[in-house]
Amino acid sequence: METKKRGLVLSGGGHRAAAHVGVLKAMGEYGIFPDIISGTGAGALVGALYAANHSPDDILAAFKKVGVFNFARHDQNFQDVIDTDFFCNLLKEYLPDDSFEALHKRLFVTTTDLLHGCIKVFEEGPLIQVLLASISFPGLFKPVKMNDTLYIDGCILDNFPVDPIQEKCDVLYGVYVSPITQLTYTDFQHTYNVLDRAFQLPMNQITMNKFPLCDVLIYPHELGNHSLFDAKHLDDIFHIGYENTLQQLKKRKAQINFVKMKS
C-alpha cells in the first residue's frame, strides 16, 4: 500500500516559533512525521533543524541557545541592526553540512528578494545563508547578500508558504503562530512592539485566506499573548503548540473514526 506524503507548513513568528517545536513533538507522539516541509522566518529555522533529524527537545534547546532576537548582538558597522553573521557559526553546530541536499527531509525556505521585490523560494544548495536571509526581519537584521541581490524575511510577502509544497503532498498540515489579538497602550512600550504589530496586521489577512488549503490547521490563539521578541517564555510557547496540536489531532482522529463507522 502506497504511503501518503505528509507536508508541513511553518509560519514565521520570531520566538513564537517555539510553538512549532511543540507541534512537532505532539505529531511525533501520534506517529505523524512530515516528509516535506515549507517554512519562512523562524519557522524555516525550526523546519531545517527537524529535517536534519534533530529531536523536538534538541530543537527547543538550540532555539534557546541561538537566541535569534537577542538585541545585545549588534553589527559594529551597522549599529542599528542585528548581526546575522554571528549566528552562522552557531547554526553550523547543528547543520554542519550546510546543505539542503544533506537534510533527511525535503525543505523549502521562503525569502523576500529585496531588490526585485518578489518571493524567492530555495530548495537546494547552501542552507545556512538562506536561513539567515529568511529570518532577517527588516529594521532589526541586516539584509543577506546572495547571488548579487539582497534577501530579507520571507514573512514580508508570504508568512504561510503553502504554495511550494501544496501539489507535492497528499495531506497538508499547517501551523500559524502569529494570531491577532486586541492589545492595549501598555503593549507598545518599544519600537519593536510597533514593528511586530505593523507587520502582523496585513500578513494575517492574507494568510487566513490560505487556511482552507490545509487538511489540519494548528492556530493557537493563546500565542497572541506573546510577542515576536518574547525570549523569556519559550517553554510556555512550546507547550501552547504542543497542547493545541494534541487537541487538533485528537479531533481529527475522532472524525476519521466516525467516517469509517458510517462507511
# chains A, B, ... in the order shown; residues from 1 in each chain; ligands from 1
>>> select_by_dssp(residues="range 16-237 of chain A", states="helix (DSSP H, G or I)", output="PyMOL selection string")
chain A and resi 16-29+42-51+56-66+85-94+100-102+128-134+154-156+166-168+185-187+191-208+211-213+221-225+234-237
>>> residues_around(residues="range 225-236 of chain A", least_positions_apart="5", cutoff="9 Å", atoms="only C-alpha atoms", output="list in words")
Gly13, Gly14, His15, Arg16, Ala17, Ala18, Ala19, Leu60, Phe63, Lys64, Gly67, Phe69, Asn70, Ser178, Thr181, Leu183, Tyr192, Asn193, Asp196, Arg197 and Gly241 of chain A
>>> select_by_dssp(residues="range 174-261 of chain A", states="strand (DSSP E or B)", output="PyMOL selection string")
chain A and resi 174-175+216-218
>>> closest_residue(among="A:Leu172, A:Gly12, A:Leu95, A:Gln129", to="Phe33 in chain A", atoms="only C-alpha atoms")
A:Leu172
>>> residues_around(residues="range 203-209 of chain A", least_positions_apart="4", cutoff="9 Å", atoms="only C-alpha atoms", output="PyMOL selection string")
chain A and resi 155-161+176+178-180+199+213
>>> closest_residue(among="A:Pro220, A:Gly43, A:Pro143, A:Pro126", to="His20 in chain A", atoms="only C-alpha atoms")
A:Gly43
>>> residues_around(residues="range 5-10 of chain A", least_positions_apart="3", cutoff="9 Å", atoms="only C-alpha atoms", output="number ranges by chain")
A: 17, 20, 32-44, 46-47, 159-162, 165-166, 168-177, 214
>>> residues_around(residues="range 51-58 of chain A", least_positions_apart="5", cutoff="8 Å", atoms="only C-alpha atoms", output="list of chain:residue names")
A:Val21, A:Gly22, A:Leu24, A:Lys25, A:Ile37, A:Leu95, A:Ala102, A:Leu103, A:His104, A:Lys105, A:Arg106, A:Leu107
>>> write_last_selection(atoms="C-alpha atoms", output="mmCIF file, in the first residue's frame")
data_model
loop_
_atom_site.group_PDB
_atom_site.id
_atom_site.type_symbol
_atom_site.label_atom_id
_atom_site.label_comp_id
_atom_site.auth_asym_id
_atom_site.auth_seq_id
_atom_site.Cartn_x
_atom_site.Cartn_y
_atom_site.Cartn_z
ATOM 1 C CA VAL A 21 8.664 22.660 18.123
ATOM 2 C CA GLY A 22 5.802 21.696 20.422
ATOM 3 C CA LEU A 24 6.434 18.541 16.049
ATOM 4 C CA LYS A 25 6.672 16.778 19.412
ATOM 5 C CA ILE A 37 8.448 20.982 4.972
ATOM 6 C CA LEU A 95 23.792 21.978 10.430
ATOM 7 C CA ALA A 102 22.285 16.832 3.270
ATOM 8 C CA LEU A 103 18.902 17.069 5.000
ATOM 9 C CA HIS A 104 16.856 13.941 5.635
ATOM 10 C CA LYS A 105 13.605 15.577 4.583
ATOM 11 C CA ARG A 106 12.827 17.867 1.689
ATOM 12 C CA LEU A 107 12.796 21.518 2.752
#
>>> decode(residues="range 84-123 of chain A", atoms="N, CA and C atoms", output="mmCIF file, in the first residue's frame")
data_model
loop_
_atom_site.group_PDB
_atom_site.id
_atom_site.type_symbol
_atom_site.label_atom_id
_atom_site.label_comp_id
_atom_site.auth_asym_id
_atom_site.auth_seq_id
_atom_site.Cartn_x
_atom_site.Cartn_y
_atom_site.Cartn_z
ATOM 1 N N THR A 84 23.676 39.116 11.573
ATOM 2 C CA THR A 84 23.326 37.727 11.272
ATOM 3 C C THR A 84 24.565 36.844 11.134
ATOM 4 N N ASP A 85 25.725 37.457 10.847
ATOM 5 C CA ASP A 85 26.945 36.665 10.711
ATOM 6 C C ASP A 85 27.267 35.917 12.009
ATOM 7 N N PHE A 86 26.910 36.520 13.125
ATOM 8 C CA PHE A 86 27.170 35.890 14.420
ATOM 9 C C PHE A 86 26.495 34.526 14.516
ATOM 10 N N PHE A 87 25.301 34.421 13.925
ATOM 11 C CA PHE A 87 24.522 33.188 14.039
ATOM 12 C C PHE A 87 25.024 32.087 13.108
ATOM 13 N N CYS A 88 25.831 32.466 12.129
ATOM 14 C CA CYS A 88 26.305 31.485 11.151
ATOM 15 C C CYS A 88 27.070 30.358 11.825
ATOM 16 N N ASN A 89 28.022 30.698 12.669
ATOM 17 C CA ASN A 89 28.808 29.669 13.360
ATOM 18 C C ASN A 89 27.964 28.858 14.331
ATOM 19 N N LEU A 90 26.989 29.519 14.983
ATOM 20 C CA LEU A 90 26.101 28.792 15.880
ATOM 21 C C LEU A 90 25.295 27.749 15.122
ATOM 22 N N LEU A 91 24.784 28.125 13.967
ATOM 23 C CA LEU A 91 23.965 27.198 13.198
ATOM 24 C C LEU A 91 24.792 26.055 12.626
ATOM 25 N N LYS A 92 26.062 26.295 12.372
ATOM 26 C CA LYS A 92 26.915 25.227 11.851
ATOM 27 C C LYS A 92 27.084 24.091 12.859
ATOM 28 N N GLU A 93 26.876 24.397 14.144
ATOM 29 C CA GLU A 93 26.925 23.332 15.147
ATOM 30 C C GLU A 93 25.804 22.320 14.925
ATOM 31 N N TYR A 94 24.685 22.805 14.414
ATOM 32 C CA TYR A 94 23.508 21.957 14.231
ATOM 33 C C TYR A 94 23.322 21.511 12.779
ATOM 34 N N LEU A 95 23.907 22.277 11.861
ATOM 35 C CA LEU A 95 23.792 21.978 10.430
ATOM 36 C C LEU A 95 25.197 21.974 9.819
ATOM 37 N N PRO A 96 26.048 21.030 10.237
ATOM 38 C CA PRO A 96 27.458 21.054 9.836
ATOM 39 C C PRO A 96 27.696 20.927 8.341
ATOM 40 N N ASP A 97 26.798 20.268 7.612
ATOM 41 C CA ASP A 97 26.980 20.095 6.173
ATOM 42 C C ASP A 97 26.547 21.325 5.377
ATOM 43 N N ASP A 98 25.756 22.194 6.020
ATOM 44 C CA ASP A 98 25.334 23.455 5.395
ATOM 45 C C ASP A 98 24.812 23.256 3.980
ATOM 46 N N SER A 99 23.882 22.331 3.838
ATOM 47 C CA SER A 99 23.380 21.996 2.506
ATOM 48 C C SER A 99 21.951 21.469 2.576
ATOM 49 N N PHE A 100 21.107 21.910 1.649
ATOM 50 C CA PHE A 100 19.752 21.370 1.548
ATOM 51 C C PHE A 100 19.808 19.877 1.246
ATOM 52 N N GLU A 101 20.766 19.500 0.396
ATOM 53 C CA GLU A 101 20.854 18.107 -0.039
ATOM 54 C C GLU A 101 21.235 17.158 1.093
ATOM 55 N N ALA A 102 21.866 17.678 2.150
ATOM 56 C CA ALA A 102 22.285 16.832 3.270
ATOM 57 C C ALA A 102 21.149 16.558 4.249
ATOM 58 N N LEU A 103 20.035 17.255 4.091
ATOM 59 C CA LEU A 103 18.902 17.069 5.000
ATOM 60 C C LEU A 103 18.222 15.735 4.739
ATOM 61 N N HIS A 104 17.533 15.235 5.747
ATOM 62 C CA HIS A 104 16.856 13.941 5.635
ATOM 63 C C HIS A 104 15.407 14.076 5.162
ATOM 64 N N LYS A 105 14.936 15.298 5.101
ATOM 65 C CA LYS A 105 13.605 15.577 4.583
ATOM 66 C C LYS A 105 13.702 16.742 3.604
ATOM 67 N N ARG A 106 12.804 16.784 2.665
ATOM 68 C CA ARG A 106 12.827 17.867 1.689
ATOM 69 C C ARG A 106 12.346 19.162 2.342
ATOM 70 N N LEU A 107 13.084 20.243 2.104
ATOM 71 C CA LEU A 107 12.796 21.518 2.752
ATOM 72 C C LEU A 107 12.724 22.642 1.728
ATOM 73 N N PHE A 108 11.716 23.496 1.887
ATOM 74 C CA PHE A 108 11.565 24.688 1.057
ATOM 75 C C PHE A 108 11.578 25.908 1.977
ATOM 76 N N VAL A 109 12.456 26.862 1.693
ATOM 77 C CA VAL A 109 12.587 28.053 2.532
ATOM 78 C C VAL A 109 12.211 29.291 1.725
ATOM 79 N N THR A 110 11.252 30.037 2.246
ATOM 80 C CA THR A 110 10.779 31.250 1.570
ATOM 81 C C THR A 110 11.508 32.481 2.096
ATOM 82 N N THR A 111 12.009 33.293 1.166
ATOM 83 C CA THR A 111 12.644 34.559 1.493
ATOM 84 C C THR A 111 12.017 35.650 0.634
ATOM 85 N N THR A 112 12.396 36.887 0.916
ATOM 86 C CA THR A 112 11.951 38.021 0.106
ATOM 87 C C THR A 112 13.162 38.639 -0.578
ATOM 88 N N ASP A 113 13.126 38.699 -1.909
ATOM 89 C CA ASP A 113 14.177 39.347 -2.691
ATOM 90 C C ASP A 113 13.918 40.854 -2.627
ATOM 91 N N LEU A 114 14.762 41.556 -1.877
ATOM 92 C CA LEU A 114 14.547 42.974 -1.611
ATOM 93 C C LEU A 114 14.745 43.837 -2.859
ATOM 94 N N LEU A 115 15.696 43.484 -3.711
ATOM 95 C CA LEU A 115 15.987 44.304 -4.885
ATOM 96 C C LEU A 115 14.935 44.146 -5.979
ATOM 97 N N HIS A 116 14.461 42.924 -6.164
ATOM 98 C CA HIS A 116 13.487 42.664 -7.226
ATOM 99 C C HIS A 116 12.043 42.691 -6.733
ATOM 100 N N GLY A 117 11.877 42.791 -5.425
ATOM 101 C CA GLY A 117 10.529 42.899 -4.864
ATOM 102 C C GLY A 117 9.663 41.687 -5.088
ATOM 103 N N CYS A 118 10.233 40.493 -4.865
ATOM 104 C CA CYS A 118 9.455 39.275 -5.121
ATOM 105 C C CYS A 118 9.846 38.181 -4.136
ATOM 106 N N ILE A 119 9.031 37.132 -4.110
ATOM 107 C CA ILE A 119 9.313 35.956 -3.279
ATOM 108 C C ILE A 119 10.370 35.104 -3.962
ATOM 109 N N LYS A 120 11.283 34.573 -3.170
ATOM 110 C CA LYS A 120 12.265 33.614 -3.669
ATOM 111 C C LYS A 120 12.257 32.407 -2.747
ATOM 112 N N VAL A 121 11.971 31.248 -3.316
ATOM 113 C CA VAL A 121 11.939 30.002 -2.549
ATOM 114 C C VAL A 121 13.181 29.185 -2.875
ATOM 115 N N PHE A 122 13.902 28.773 -1.842
ATOM 116 C CA PHE A 122 15.106 27.960 -2.003
ATOM 117 C C PHE A 122 14.816 26.517 -1.596
ATOM 118 N N GLU A 123 15.407 25.580 -2.337
ATOM 119 C CA GLU A 123 15.250 24.165 -2.001
ATOM 120 C C GLU A 123 16.523 23.362 -2.247
#
